[in-house]
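**Q** I'm passing along query-v1.csv; it holds CSV, C-alpha atoms.
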```
chain,number,residue,atom,x,y,z
A,51,MET,CA,0.0,0.0,0.0
A,52,ALA,CA,1.2,3.5,-0.7
A,53,GLU,CA,0.5,4.5,2.9
A,54,SER,CA,3.1,2.1,4.2
A,55,LYS,CA,5.9,3.5,2.1
A,56,ARG,CA,8.4,6.1,3.4
A,57,ASP,CA,8.7,9.4,1.7
A,58,TYR,CA,11.2,9.1,-1.2
A,59,TYR,CA,13.1,12.2,-0.1
A,60,GLU,CA,13.4,10.8,3.4
A,61,VAL,CA,14.7,7.5,2.0
A,62,LEU,CA,17.5,9.2,0.2
A,63,GLY,CA,18.1,11.7,3.0
A,64,VAL,CA,17.8,14.8,0.9
A,65,SER,CA,15.7,17.9,0.9
A,66,LYS,CA,12.8,18.4,-1.5
A,67,ASP,CA,14.7,21.0,-3.4
A,68,ALA,CA,17.7,18.7,-3.9
A,69,ASP,CA,19.2,18.9,-7.5
A,70,ASP,CA,20.2,16.0,-9.7
A,71,ALA,CA,23.8,15.9,-8.4
A,72,ALA,CA,22.6,15.7,-4.8
A,73,LEU,CA,20.2,12.9,-5.6
A,74,LYS,CA,22.8,10.9,-7.4
A,75,LYS,CA,25.4,11.4,-4.7
A,76,ALA,CA,22.9,10.3,-2.0
A,77,TYR,CA,21.8,7.2,-4.0
A,78,ARG,CA,25.4,6.2,-4.7
A,79,VAL,CA,26.2,6.1,-1.0
A,80,LEU,CA,23.1,4.0,-0.2
A,81,ALA,CA,23.6,1.7,-3.1
A,82,LYS,CA,27.1,0.9,-2.2
A,83,LYS,CA,26.2,0.4,1.5
A,84,TYR,CA,23.2,-1.9,1.0
A,85,HIS,CA,24.0,-3.6,-2.3
A,86,PRO,CA,23.1,-7.3,-2.0
A,87,ASP,CA,26.4,-8.4,-3.4
A,88,ALA,CA,28.1,-6.6,-0.5
A,89,ASN,CA,25.6,-8.0,2.0
A,90,PRO,CA,25.0,-11.6,1.0
A,91,GLY,CA,22.0,-13.2,2.8
A,92,ASN,CA,21.1,-9.9,4.5
A,93,ALA,CA,17.4,-9.5,3.9
A,94,GLU,CA,17.2,-6.1,5.6
A,95,ALA,CA,20.1,-4.7,3.4
A,96,GLU,CA,18.3,-6.0,0.3
A,97,ALA,CA,15.1,-4.3,1.3
A,98,LYS,CA,16.8,-1.0,1.9
A,99,PHE,CA,18.6,-1.3,-1.4
A,100,LYS,CA,15.3,-1.9,-3.2
A,101,GLU,CA,13.7,1.1,-1.3
A,102,ALA,CA,16.6,3.4,-2.2
A,103,SER,CA,16.5,2.3,-5.9
A,104,GLU,CA,12.8,2.8,-6.1
A,105,ALA,CA,13.1,6.3,-4.6
A,106,TYR,CA,15.9,7.3,-6.9
A,107,GLY,CA,14.1,5.8,-9.9
A,108,ILE,CA,11.2,8.2,-9.3
A,109,LEU,CA,13.1,11.3,-8.2
A,110,SER,CA,15.7,11.2,-10.9
A,111,ASP,CA,13.1,11.3,-13.6
A,112,PRO,CA,11.8,15.0,-14.0
A,113,GLU,CA,8.3,13.9,-15.0
A,114,LYS,CA,7.9,11.3,-12.3
A,115,ARG,CA,9.3,13.6,-9.7
A,116,LYS,CA,6.8,16.3,-10.7
A,117,MET,CA,3.9,13.8,-10.3
A,118,TYR,CA,5.3,12.5,-7.0
A,119,ASP,CA,5.6,16.0,-5.6
A,120,GLN,CA,2.0,16.7,-6.5
A,121,PHE,CA,0.3,13.4,-5.7
A,122,GLY,CA,2.7,11.4,-3.6
A,123,HIS,CA,2.8,7.6,-3.8
A,124,ALA,CA,-0.7,7.6,-5.1
A,125,ALA,CA,0.6,8.9,-8.5
A,126,PHE,CA,2.1,5.5,-9.2
A,127,GLU,CA,-0.7,3.2,-8.0
A,128,GLN,CA,-2.8,1.3,-10.5
A,129,GLY,CA,-0.2,1.6,-13.2
A,130,GLY,CA,-0.1,5.4,-12.8
A,131,GLY,CA,3.7,5.6,-13.1
A,132,GLY,CA,7.1,4.0,-12.4
A,133,ALA,CA,6.0,1.3,-10.0
A,134,GLY,CA,3.6,-0.1,-12.6
A,135,GLY,CA,5.7,0.6,-15.6
A,136,ALA,CA,7.7,-1.9,-17.5
A,137,GLY,CA,11.5,-2.3,-17.5
A,138,GLY,CA,14.2,-1.5,-15.1
A,139,PHE,CA,14.7,-2.8,-11.6
A,140,GLY,CA,11.5,-3.4,-9.6
A,141,GLY,CA,9.4,-2.0,-12.5
A,142,PHE,CA,11.3,1.3,-12.7
A,143,ASP,CA,12.9,2.6,-15.8
A,144,PHE,CA,16.2,4.1,-14.5
A,145,GLY,CA,17.9,7.0,-16.3
A,146,GLY,CA,21.0,6.8,-18.3
A,147,ASP,CA,23.3,7.8,-15.4
A,148,MET,CA,22.5,4.6,-13.6
A,149,GLY,CA,25.2,2.9,-15.7
A,150,ASP,CA,27.8,5.2,-14.1
A,151,ILE,CA,26.5,4.6,-10.6
A,152,PHE,CA,26.4,0.8,-10.9
A,153,GLY,CA,29.8,0.9,-12.7
A,154,ASP,CA,31.3,2.5,-9.6
A,155,ILE,CA,29.5,0.1,-7.3
A,156,PHE,CA,30.7,-3.0,-9.2
A,157,GLY,CA,34.1,-1.6,-9.6
A,158,ASP,CA,34.4,-1.2,-5.8
A,159,LEU,CA,32.8,-4.6,-5.0
A,160,PHE,CA,34.6,-6.8,-7.5
A,161,GLY,CA,37.8,-4.8,-8.3
A,162,GLY,CA,37.0,-4.7,-12.0
A,163,GLY,CA,36.7,-1.7,-14.4
A,164,ARG,CA,34.4,1.2,-13.5
A,165,SER,CA,32.4,0.9,-16.6
A,166,TYR,CA,29.0,-0.7,-16.6
A,167,SER,CA,27.4,-1.7,-19.9
A,168,ARG,CA,29.6,0.8,-21.7
A,169,SER,CA,32.0,0.2,-24.6
A,170,ALA,CA,35.7,1.0,-24.3
A,171,ASN,CA,38.5,1.3,-26.8
A,172,ASN,CA,42.2,1.6,-26.9
A,173,GLY,CA,42.3,5.3,-27.8
A,174,PRO,CA,45.0,7.8,-26.8
A,175,MET,CA,45.7,8.0,-23.1
A,176,ARG,CA,47.6,10.8,-21.4
A,177,GLY,CA,50.8,9.9,-19.6
A,178,ALA,CA,51.2,10.1,-15.9
A,179,ASN,CA,52.6,13.2,-14.1
A,180,VAL,CA,56.1,13.2,-12.7
A,181,ARG,CA,56.9,14.9,-9.4
A,182,ALA,CA,60.2,16.5,-8.3
A,183,GLY,CA,61.4,19.0,-5.7
A,184,VAL,CA,63.6,22.1,-5.6
A,185,ARG,CA,64.9,24.2,-2.7
A,186,VAL,CA,65.2,27.9,-2.9
A,187,THR,CA,66.3,30.6,-0.4
A,188,PHE,CA,64.0,33.0,1.3
A,189,GLU,CA,65.0,35.9,-1.1
A,190,GLU,CA,64.7,33.7,-4.2
A,191,ALA,CA,61.1,32.9,-3.2
A,192,ILE,CA,60.4,36.6,-2.8
A,193,PHE,CA,61.9,37.8,-6.0
A,194,GLY,CA,61.8,34.7,-8.2
A,195,CYS,CA,64.7,32.9,-9.9
A,196,THR,CA,65.6,30.2,-12.3
A,197,LYS,CA,66.7,26.7,-11.2
A,198,GLU,CA,68.1,23.8,-13.1
A,199,LEU,CA,66.8,20.3,-12.3
A,200,GLU,CA,68.6,17.1,-13.4
A,201,LEU,CA,65.9,14.4,-13.9
A,202,THR,CA,65.7,11.0,-15.5
A,203,LEU,CA,62.8,11.1,-18.0
A,204,LYS,CA,61.5,8.7,-20.7
A,205,GLU,CA,62.3,9.6,-24.3
A,206,GLU,CA,61.1,7.9,-27.4
A,207,CYS,CA,63.5,5.1,-28.5
A,208,GLU,CA,65.4,6.3,-31.6
A,209,THR,CA,65.9,2.7,-32.8
A,210,CYS,CA,62.2,1.6,-32.9
A,211,HIS,CA,60.7,5.1,-32.9
A,212,GLY,CA,58.5,4.2,-30.0
A,213,THR,CA,56.9,1.0,-31.4
A,214,GLY,CA,58.9,-1.3,-29.1
A,215,ALA,CA,59.4,-3.7,-32.0
A,216,LYS,CA,62.7,-4.9,-33.5
A,217,PRO,CA,63.6,-2.9,-36.6
A,218,GLY,CA,62.1,-4.5,-39.6
A,219,THR,CA,59.1,-5.9,-37.6
A,220,SER,CA,55.9,-4.4,-36.4
A,221,PRO,CA,53.6,-5.0,-33.4
A,222,VAL,CA,50.7,-7.4,-34.1
A,223,THR,CA,47.1,-7.1,-33.1
A,224,CYS,CA,46.5,-8.6,-29.6
A,225,PRO,CA,44.6,-11.9,-30.0
A,226,LYS,CA,43.1,-11.7,-26.5
A,227,CYS,CA,41.2,-8.4,-27.0
A,228,ASN,CA,41.3,-8.3,-30.8
A,229,GLY,CA,43.0,-4.9,-30.7
A,230,LYS,CA,40.4,-3.2,-28.6
A,231,GLY,CA,42.7,-2.9,-25.5
A,232,LYS,CA,39.8,-3.9,-23.3
A,233,ILE,CA,38.1,-7.1,-22.3
A,234,VAL,CA,34.3,-7.3,-21.6
A,235,TYR,CA,33.3,-9.9,-19.1
A,236,THR,CA,29.9,-10.9,-17.8
A,237,GLN,CA,29.2,-11.2,-14.1
A,238,GLN,CA,26.1,-12.4,-12.3
A,239,SER,CA,24.7,-9.9,-9.8
A,240,PHE,CA,21.5,-9.0,-8.1
A,241,PHE,CA,20.4,-7.4,-11.3
A,242,GLY,CA,21.1,-10.4,-13.4
A,243,GLN,CA,24.0,-10.5,-15.8
A,244,VAL,CA,26.1,-7.4,-15.8
A,245,GLN,CA,28.8,-6.6,-18.3
A,246,ASN,CA,32.0,-5.0,-17.0
A,247,VAL,CA,35.0,-3.8,-18.9
A,248,GLN,CA,38.7,-4.0,-17.8
A,249,THR,CA,42.1,-3.3,-19.4
A,250,CYS,CA,43.4,-6.3,-21.4
A,251,PRO,CA,46.2,-7.9,-19.3
A,252,ASP,CA,48.2,-9.1,-22.3
A,253,CYS,CA,48.6,-5.9,-24.2
A,254,ARG,CA,48.0,-3.5,-21.2
A,255,GLY,CA,45.4,-1.6,-23.1
A,256,THR,CA,47.5,-0.9,-26.2
A,257,GLY,CA,45.7,-3.4,-28.5
A,258,LYS,CA,49.1,-4.5,-29.8
A,259,ILE,CA,51.5,-7.3,-28.9
A,260,VAL,CA,55.3,-6.9,-29.6
A,261,LYS,CA,56.6,-10.4,-30.6
A,262,GLU,CA,60.1,-9.4,-31.5
A,263,LYS,CA,61.2,-6.7,-29.1
A,264,CYS,CA,63.6,-3.9,-29.8
A,265,SER,CA,67.0,-4.6,-28.2
A,266,ASP,CA,67.6,-1.1,-27.1
A,267,CYS,CA,64.3,-0.4,-25.2
A,268,TYR,CA,63.3,-4.0,-24.6
A,269,GLY,CA,59.9,-3.5,-26.2
A,270,THR,CA,58.9,-0.5,-24.1
A,271,GLY,CA,59.3,2.0,-26.9
A,272,TYR,CA,61.1,4.4,-24.5
A,273,ILE,CA,64.6,4.9,-23.1
A,274,SER,CA,65.3,6.6,-19.8
A,275,LYS,CA,67.7,9.6,-20.2
A,276,LYS,CA,69.0,12.2,-17.8
A,277,LYS,CA,67.7,15.6,-18.8
A,278,THR,CA,68.4,19.1,-17.4
A,279,ILE,CA,65.2,21.0,-17.0
A,280,GLN,CA,65.1,24.8,-16.4
A,281,VAL,CA,62.4,25.7,-13.8
A,282,THR,CA,61.3,29.3,-13.5
A,283,ILE,CA,60.4,30.1,-9.9
A,284,PRO,CA,57.8,32.9,-9.9
A,285,ALA,CA,58.2,35.8,-7.5
A,286,GLY,CA,56.1,35.3,-4.3
A,287,ILE,CA,56.0,31.5,-4.4
A,288,ASP,CA,55.5,30.0,-0.9
A,289,ASN,CA,56.8,26.9,0.8
A,290,GLY,CA,55.0,23.7,-0.4
A,291,GLN,CA,53.5,25.2,-3.6
A,292,SER,CA,54.1,23.4,-6.9
A,293,ILE,CA,55.0,24.6,-10.4
A,294,ARG,CA,53.6,22.7,-13.4
A,295,ILE,CA,55.7,22.3,-16.5
A,296,ALA,CA,53.5,20.9,-19.3
A,297,GLY,CA,54.6,18.0,-21.4
A,298,LYS,CA,57.6,16.9,-19.2
A,299,GLY,CA,56.0,13.9,-17.5
A,300,GLU,CA,55.5,10.3,-18.5
A,301,PRO,CA,54.8,9.5,-22.2
A,302,GLY,CA,51.3,8.9,-23.3
A,303,VAL,CA,49.8,5.6,-24.6
A,304,ASN,CA,48.6,5.1,-28.2
A,305,GLY,CA,49.6,8.6,-29.2
A,306,GLY,CA,48.4,10.3,-26.1
A,307,ASP,CA,50.0,13.5,-24.7
A,308,ARG,CA,52.8,13.4,-22.2
A,309,GLY,CA,52.0,14.1,-18.6
A,310,ASP,CA,53.3,17.1,-16.7
A,311,LEU,CA,56.2,17.7,-14.4
A,312,LEU,CA,55.1,19.0,-11.0
A,313,VAL,CA,57.9,20.7,-9.1
A,314,GLU,CA,57.3,21.2,-5.4
A,315,VAL,CA,59.2,24.2,-3.9
A,316,THR,CA,60.8,24.1,-0.5
A,317,VAL,CA,61.7,27.6,0.9
A,318,SER,CA,64.7,27.7,3.3
A,319,ARG,CA,64.2,29.5,6.6
A,320,HIS,CA,65.6,33.0,7.1
A,321,PRO,CA,67.5,34.0,10.3
A,322,VAL,CA,65.8,37.3,10.5
A,323,PHE,CA,62.5,37.3,8.6
A,324,LYS,CA,59.4,35.2,9.0
A,325,ARG,CA,56.6,35.1,6.4
A,326,GLN,CA,52.9,34.6,6.5
A,327,ASP,CA,51.3,34.8,3.0
A,328,THR,CA,52.5,38.1,1.6
A,329,THR,CA,53.4,39.6,5.0
A,330,ILE,CA,56.9,39.6,6.4
A,331,PHE,CA,57.7,39.9,10.1
A,332,SER,CA,60.9,40.7,12.0
A,333,THR,CA,62.2,42.0,15.3
A,334,VAL,CA,64.6,44.9,15.8
A,335,PRO,CA,66.4,45.8,19.1
A,336,ILE,CA,66.7,49.4,20.1
A,337,SER,CA,68.4,51.0,23.1
A,338,PHE,CA,66.5,52.6,26.0
A,339,ALA,CA,67.9,56.0,25.1
A,340,THR,CA,66.6,55.7,21.6
A,341,ALA,CA,63.2,54.6,22.8
A,342,ALA,CA,63.0,57.4,25.3
A,343,LEU,CA,64.5,60.3,23.3
A,344,GLY,CA,63.7,59.1,19.7
A,345,GLY,CA,66.2,58.7,16.9
A,346,THR,CA,67.1,57.2,13.6
A,347,ILE,CA,67.6,53.4,13.3
A,348,ARG,CA,68.3,51.2,10.3
A,349,ILE,CA,65.9,48.3,9.6
A,350,LYS,CA,66.8,45.3,7.5
A,351,THR,CA,64.3,44.4,4.7
A,352,VAL,CA,64.4,42.1,1.7
A,353,ASP,CA,65.0,45.2,-0.4
A,354,GLY,CA,68.0,46.3,1.8
A,355,ASP,CA,68.3,48.5,4.9
A,356,VAL,CA,65.9,51.4,5.3
A,357,GLU,CA,66.0,54.3,7.8
A,358,TYR,CA,63.2,54.7,10.3
A,359,GLU,CA,62.6,57.6,12.8
A,360,VAL,CA,61.7,56.2,16.3
A,361,LYS,CA,59.3,58.5,18.1
A,362,PRO,CA,60.3,59.7,21.6
A,363,GLY,CA,58.6,57.6,24.3
A,364,THR,CA,58.4,54.4,22.2
A,365,GLN,CA,57.5,51.4,24.3
A,366,THR,CA,58.9,47.9,23.9
A,367,ASP,CA,57.0,45.6,21.5
A,368,THR,CA,55.8,48.6,19.5
A,369,LYS,CA,54.9,47.4,16.0
A,370,VAL,CA,56.0,49.4,12.9
A,371,ARG,CA,54.5,48.9,9.4
A,372,LEU,CA,56.7,49.3,6.4
A,373,ALA,CA,54.3,49.5,3.5
A,374,ARG,CA,54.9,47.4,0.3
A,375,LYS,CA,58.1,45.9,1.7
A,376,GLY,CA,56.6,42.4,1.9
A,377,VAL,CA,56.1,39.5,-0.5
A,378,PRO,CA,54.8,40.0,-4.1
A,379,THR,CA,51.6,38.3,-5.1
A,380,LEU,CA,51.9,35.4,-7.6
A,381,ARG,CA,49.4,37.1,-9.9
A,382,ASN,CA,51.3,40.4,-10.1
A,383,LYS,CA,54.8,40.8,-8.7
A,384,ASN,CA,54.3,44.6,-8.6
A,385,VAL,CA,51.6,44.2,-5.9
A,386,ARG,CA,53.3,43.5,-2.6
A,387,GLY,CA,52.4,42.9,1.0
A,388,ASP,CA,53.8,44.8,4.0
A,389,HIS,CA,56.7,44.3,6.4
A,390,TYR,CA,55.9,44.5,10.2
A,391,VAL,CA,58.7,45.2,12.6
A,392,THR,CA,58.5,44.7,16.3
A,393,LEU,CA,60.8,47.2,18.3
A,394,VAL,CA,62.2,45.6,21.4
A,395,ILE,CA,64.1,47.7,24.0
A,396,THR,CA,67.2,45.9,25.0
A,397,VAL,CA,68.6,45.8,28.6
A,398,PRO,CA,72.4,45.5,28.8
A,399,GLU,CA,73.6,42.5,30.8
A,400,LYS,CA,76.9,44.1,31.9
A,401,LEU,CA,77.6,47.7,33.0
A,402,THR,CA,80.6,49.7,34.2
A,403,GLU,CA,80.6,51.5,37.5
A,404,GLU,CA,80.4,54.8,35.6
A,405,GLN,CA,77.4,53.6,33.7
A,406,LYS,CA,75.7,52.3,36.8
A,407,GLU,CA,76.3,55.7,38.6
A,408,ALA,CA,74.8,57.5,35.6
A,409,LEU,CA,71.7,55.4,35.8
A,410,ARG,CA,71.4,56.0,39.5
A,411,ARG,CA,71.5,59.7,39.0
A,412,PHE,CA,68.9,59.4,36.2
A,413,ASP,CA,66.7,57.2,38.5
A,414,ASP,CA,67.0,59.8,41.3
A,415,ALA,CA,66.1,62.6,38.8
A,416,MET,CA,63.0,60.6,37.7
A,417,ASN,CA,62.0,59.9,41.3
A,418,GLY,CA,62.2,63.6,42.0
A,419,ILE,CA,59.5,64.6,39.6
A,420,SER,CA,56.7,65.8,41.9
A,421,SER,CA,53.9,65.1,39.4
A,422,GLU,CA,54.5,61.4,39.5
A,423,THR,CA,52.6,59.2,41.9
A,424,ASP,CA,54.3,56.8,44.4
A,425,ASP,CA,53.3,53.9,42.2
A,426,ASP,CA,54.9,55.5,39.2
A,427,LYS,CA,58.1,56.0,41.1
A,428,LYS,CA,58.2,52.5,42.4
A,429,LYS,CA,57.7,51.1,38.9
A,430,LYS,CA,60.5,53.3,37.4
A,431,LYS,CA,62.8,52.6,40.3
A,432,GLY,CA,62.1,48.9,39.9
A,433,PHE,CA,62.9,49.1,36.2
A,434,PHE,CA,66.2,50.9,36.6
A,435,SER,CA,67.3,48.8,39.5
A,436,LYS,CA,67.8,46.0,37.0
A,437,PHE,CA,70.8,47.9,35.7
A,438,THR,CA,72.4,48.5,39.1
A,439,ASP,CA,71.5,45.3,41.0
```
The structure in this file should be written as structure tokens.
**A**
Amino acid sequence: MAESKRDYYEVLGVSKDADDAALKKAYRVLAKKYHPDANPGNAEAEAKFKEASEAYGILSDPEKRKMYDQFGHAAFEQGGGGAGGAGGFGGFDFGGDMGDIFGDIFGDLFGGGRSYSRSANNGPMRGANVRAGVRVTFEEAIFGCTKELELTLKEECETCHGTGAKPGTSPVTCPKCNGKGKIVYTQQSFFGQVQNVQTCPDCRGTGKIVKEKCSDCYGTGYISKKKTIQVTIPAGIDNGQSIRIAGKGEPGVNGGDRGDLLVEVTVSRHPVFKRQDTTIFSTVPISFATAALGGTIRIKTVDGDVEYEVKPGTQTDTKVRLARKGVPTLRNKNVRGDHYVTLVITVPEKLTEEQKEALRRFDDAMNGISSETDDDKKKKKGFFSKFTD
């Protein structure tokens, strides 16, 4: 009875305004979880699988979903819709994307190809990417540079010109897959017989067999050679980011394009500067006299030393902003972050008697200011006592 059925949206765990992608994703999860082949002999899992398949069969069809939203389960009673229609699982005519879903399910369950009732061929396939690493200094990462990498890469064999066959011979059509590069095999499942596709193990998807192999490349069609690759490090690159160099990866199959070379950048630490995105941080020590009276100091930046006027009465841990002295952005090296400098007042560890006496006189002079409170005097005396004790 229609009344005993759960709401289809509730079954899939989606909202009523869920789009096709959300419906497909929800059903894929449930189908993999409750598929009878993954739960042999489990009647409850089989029932949940049927329930989810029924729900998706209705909601994935725009017309049926519209009817269900308007009339509920009653729309499909007495032959009114999917439940009474012909074809498909449980009377439902599933959409074309069900092949993709079940291909994923069977691929996970049985370890076979991901295709379900789909044809495959031995067309061009792109080669795999190759990964490498390069180390740069802090400054090189800021301003960019050029590095050379020595890598071992596969190049087409000059003897057989990439065929893998001995000169004077040619590869022959693979008898196992008849040159298709794929093998279609039938498997019994809950749905009946299902066709799956996997790469031919004999020719490895090429559709060709090399009977007489080239003596130089041993039938692979490629020879490994050491190559020197120039890598342009862009200004502003950060630690852990990668640079992609197109066409420097593994060779493709059946005329496919080569993969890419991915170079991961490691940035060495700097003894003075620290970086966060496009901002640079550093700490600069200043004397008490400079902090109290003000004065000119020199601050080290990635662009060289710059002069900065310290204001009288500057406190320790004061932060100074040097605009556009930070890291360039990767998109535009002319757009730069800032450099923040923390000014720290230094306390000398060793003093001469003359210096101590001078500080005592200064301390007495500060304590003699009538406008100060007793607490202020104690704080200042306590600060200067560090020099004399």
**Q** Please return as an MDAnalysis selection string every residue within 9 Å of (60.2, 16.7, -8.3), taking into account all atoms listed in the file and the file's own coordinates.
**A** chainID A and resid 180:184 199 201 311:315
**Q** My list of candidates is A:Lys324, A:Arg374, A:Lys232, A:Lys350. Which is closest to A:Lys258 when distances are computed with only C-alpha atoms?
**A**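 Ranking A:Lys324, A:Arg374, A:Lys232, A:Lys350 by distance to A:Lys258, first place goes to A:Lys232.
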**Q** Determine, counting all atoms listed in the file, every residue of protein, DNA or RNA that lies within 6 Å of (63.2, 27.9, -10.5) in the file coordinates, then give the result as an MDAnalysis selection string.
**A** chainID A and resid 195:197 281:283
**Q** With distances taken over all atoms listed in the file, which residue among A:Gln326, A:Ser103, A:Thr364, A:Asn382 lies nearest A:Ala342?
**A**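 Ranked by minimum distance to A:Ala342, first place goes to A:Thr364.
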**Q** To one decimal place, how far is atom CA of A:Glu200 from atom CA of A:Val303 in Å?
**A**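 Going from atom CA of A:Glu200 over to atom CA of A:Val303, I get 24.7 Å.
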**Q** Quick one: everything within 12 Å of A:Thr209, counting only C-alpha atoms, minus sequence neighbours fewer than 6 positions away in the same chain. Send it as a list in words.
**A**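 The neighbour list is Ala215, Lys216, Pro217, Gly218, Thr219, Lys263, Cys264, Ser265, Asp266, Cys267, Tyr268, Gly269, Thr270, Gly271, Tyr272 and Ile273 of chain A.
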**Q** Nearest residue to A:Ser65 out of A:Ala408, A:Ala102, A:Leu109, A:Leu80, using all atoms listed in the file?
**A**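 Once distances to A:Ser65 are computed over all atoms listed in the file, the minimum belongs to A:Leu109.
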**Q** Just stretch 206-221 of chain A from the block, N, CA and C atoms, as a PDB file, in the first residue's frame, could you?
**A**
```pdb
ATOM      1  N   GLU A 206      61.423   8.870 -26.400  1.00  0.00           N
ATOM      2  CA  GLU A 206      61.123   7.878 -27.428  1.00  0.00           C
ATOM      3  C   GLU A 206      62.402   7.203 -27.917  1.00  0.00           C
ATOM      4  N   CYS A 207      62.348   5.891 -28.010  1.00  0.00           N
ATOM      5  CA  CYS A 207      63.500   5.125 -28.479  1.00  0.00           C
ATOM      6  C   CYS A 207      63.796   5.476 -29.938  1.00  0.00           C
ATOM      7  N   GLU A 208      65.044   5.859 -30.199  1.00  0.00           N
ATOM      8  CA  GLU A 208      65.416   6.252 -31.557  1.00  0.00           C
ATOM      9  C   GLU A 208      65.539   5.053 -32.491  1.00  0.00           C
ATOM     10  N   THR A 209      65.720   3.866 -31.936  1.00  0.00           N
ATOM     11  CA  THR A 209      65.883   2.667 -32.766  1.00  0.00           C
ATOM     12  C   THR A 209      64.556   2.197 -33.348  1.00  0.00           C
ATOM     13  N   CYS A 210      63.536   2.110 -32.481  1.00  0.00           N
ATOM     14  CA  CYS A 210      62.231   1.599 -32.946  1.00  0.00           C
ATOM     15  C   CYS A 210      61.201   2.702 -33.109  1.00  0.00           C
ATOM     16  N   HIS A 211      61.590   3.948 -32.811  1.00  0.00           N
ATOM     17  CA  HIS A 211      60.700   5.098 -32.946  1.00  0.00           C
ATOM     18  C   HIS A 211      59.425   4.946 -32.109  1.00  0.00           C
ATOM     19  N   GLY A 212      59.601   4.320 -30.958  1.00  0.00           N
ATOM     20  CA  GLY A 212      58.487   4.233 -30.021  1.00  0.00           C
ATOM     21  C   GLY A 212      57.579   3.041 -30.190  1.00  0.00           C
ATOM     22  N   THR A 213      57.813   2.197 -31.200  1.00  0.00           N
ATOM     23  CA  THR A 213      56.918   1.043 -31.406  1.00  0.00           C
ATOM     24  C   THR A 213      57.239  -0.103 -30.456  1.00  0.00           C
ATOM     25  N   GLY A 214      58.474  -0.181 -29.987  1.00  0.00           N
ATOM     26  CA  GLY A 214      58.885  -1.283 -29.119  1.00  0.00           C
ATOM     27  C   GLY A 214      59.280  -2.525 -29.879  1.00  0.00           C
ATOM     28  N   ALA A 215      59.103  -2.519 -31.193  1.00  0.00           N
ATOM     29  CA  ALA A 215      59.384  -3.705 -32.023  1.00  0.00           C
ATOM     30  C   ALA A 215      60.782  -3.617 -32.625  1.00  0.00           C
ATOM     31  N   LYS A 216      61.363  -4.755 -32.831  1.00  0.00           N
ATOM     32  CA  LYS A 216      62.678  -4.853 -33.474  1.00  0.00           C
ATOM     33  C   LYS A 216      62.605  -4.237 -34.871  1.00  0.00           C
ATOM     34  N   PRO A 217      63.651  -3.463 -35.277  1.00  0.00           N
ATOM     35  CA  PRO A 217      63.633  -2.862 -36.620  1.00  0.00           C
ATOM     36  C   PRO A 217      63.372  -3.905 -37.695  1.00  0.00           C
ATOM     37  N   GLY A 218      62.462  -3.590 -38.595  1.00  0.00           N
ATOM     38  CA  GLY A 218      62.076  -4.525 -39.646  1.00  0.00           C
ATOM     39  C   GLY A 218      60.828  -5.303 -39.296  1.00  0.00           C
ATOM     40  N   THR A 219      60.367  -5.215 -38.051  1.00  0.00           N
ATOM     41  CA  THR A 219      59.136  -5.889 -37.633  1.00  0.00           C
ATOM     42  C   THR A 219      58.153  -4.852 -37.119  1.00  0.00           C
ATOM     43  N   SER A 220      56.938  -5.298 -36.882  1.00  0.00           N
ATOM     44  CA  SER A 220      55.892  -4.408 -36.377  1.00  0.00           C
ATOM     45  C   SER A 220      55.075  -5.123 -35.308  1.00  0.00           C
ATOM     46  N   PRO A 221      54.489  -4.388 -34.392  1.00  0.00           N
ATOM     47  CA  PRO A 221      53.591  -5.006 -33.416  1.00  0.00           C
ATOM     48  C   PRO A 221      52.390  -5.623 -34.126  1.00  0.00           C
TER      49      PRO A 221
END
```
